[in-house]
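Peer 1: Have a look at the structure that comes next, please.
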Amino acid sequence: MDESQARPEINAAITKGAIVDTVMLAVGGALWFATGELLWFIACFIVGDRLRAFACASRSVHAAMSNPTPPPLYQRRAPRAPLTPMKPLSGKGGKVFVFAVLAVLCGAGAAYMALVQRMPFTDMRVVAPAIGALWFGLRVFISLTPKV
């Protein structure tokens with residue numbers, strides 16, 4: 001038996017894709033000659049190429065090429081162990097320290113830009129670190145207050 005006759009569904013898909021591609025090229029050529037815009041021909045070429053690729057990758061081709069039966073149970077992988085989620089940081093000391101350091105660094109950056117670099121207070125290189133310092137300072141305050 002010839003290889004082309006072995007899988008008629010693959011040959012049908014390739015033929016169908018070639019027909020679609022040819023029709024799209026003809027439509028693109030007609031639009032090109034009618035409007036004078038080469039973009040129509042290029043667009044129809046791209047659309048026809050994608051449609052041809054879709055026709056060749058249809059379900060019938062995948063079904064004919066893939067193994068229809070799953071492997072036996074003894075060849076399957078063992079299931080993974082269940083994933084346990086990480087617990088959030090519960091220690092207040094480290095969290096408060098990190099927030100305090102970030103607040104000081106942002107405040108120092110804002111002060112440096114405003115006082116040493118002589119930038120106006122409304123410049124974003126002064127405002128952004130100042131907002132960060134306020135934000136992290138608020139986080140320190142929230143972390144240190146007792147929960148009611």
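Order determines the names: the first chain of the structure tokens is A, the second B, and so forth; residues in each chain are numbered 1 upward, and ligands are numbered 1 upward as they are shown.
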If you count only C-alpha atoms, which residues fall within 12 Å of range 38-53 of chain A, apart from same-chain ones fewer than 5 positions away, as a PyMOL selection string?

Peer 2: chain A and resi 12-33+58+61

Peer 1: Between CA of Phe141 in chain A and CA of Ala111 in chain A, what is the distance, to one decimal in Å?

Peer 2: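 CA of Ala111 in chain A lies at a distance of 21.3 Å from CA of Phe141 in chain A.
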
Peer 1: CA of Thr145 in chain A and CA of Pro85 in chain A are how many Å apart?

Peer 2: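 Atom-to-atom, CA of Thr145 in chain A and CA of Pro85 in chain A are spaced 27.6 Å apart.
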
Peer 1: CA of Gly132 in chain A and CA of Gly109 in chain A are how many Å apart?

Peer 2: 9.9 Å

Peer 1: List as a PDB file with C-alpha atoms, in the first residue's frame the protein and nucleic acid residues near Arg139 in chain A, meaning an atom at most 9 Å away when only C-alpha atoms are counted, but skip any in the same chain fewer than 4 places from it.

Peer 2:
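Once written, selection-v4.pdb looks like this:
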ATOM      1  CA  VAL A  96       7.999  45.876  61.643  1.00  0.00           C
ATOM      2  CA  PHE A  99       8.756  48.364  57.227  1.00  0.00           C
ATOM      3  CA  ALA A 100      10.720  50.778  59.416  1.00  0.00           C
ATOM      4  CA  LEU A 134       4.459  57.722  54.430  1.00  0.00           C
ATOM      5  CA  TRP A 135       3.117  54.361  53.257  1.00  0.00           C
ATOM      6  CA  SER A 143       1.676  46.655  62.779  1.00  0.00           C
ATOM      7  CA  LEU A 144       2.409  48.097  66.227  1.00  0.00           C
TER       8      LEU A 144
END

Peer 1: Contacts of Gly107 in chain A at 8 Å or less, counting only C-alpha atoms, minus same-chain residues fewer than 5 places along, as a list in words?

Peer 2: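 With the cut-off at 8 Å, the set is Pro129, Ala130, Gly132 and Ala133 of chain A.
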
Peer 1: Name the closest residue to Val98 in chain A among the candidates A:Val148, A:Ile131, A:Val140, A:Ile10; distances are taken between atoms, counting only C-alpha atoms.

Peer 2: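 Of all the options, A:Val140 lies closest to Val98 in chain A.
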
Peer 1: Which residue gives the smallest distance to Met124 in chain A among A:Gly137, A:Ala110, A:Ala78, A:Pro146, with only C-alpha atoms counted?

Peer 2: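 For Met124 in chain A, the nearest of the candidates is A:Ala110.
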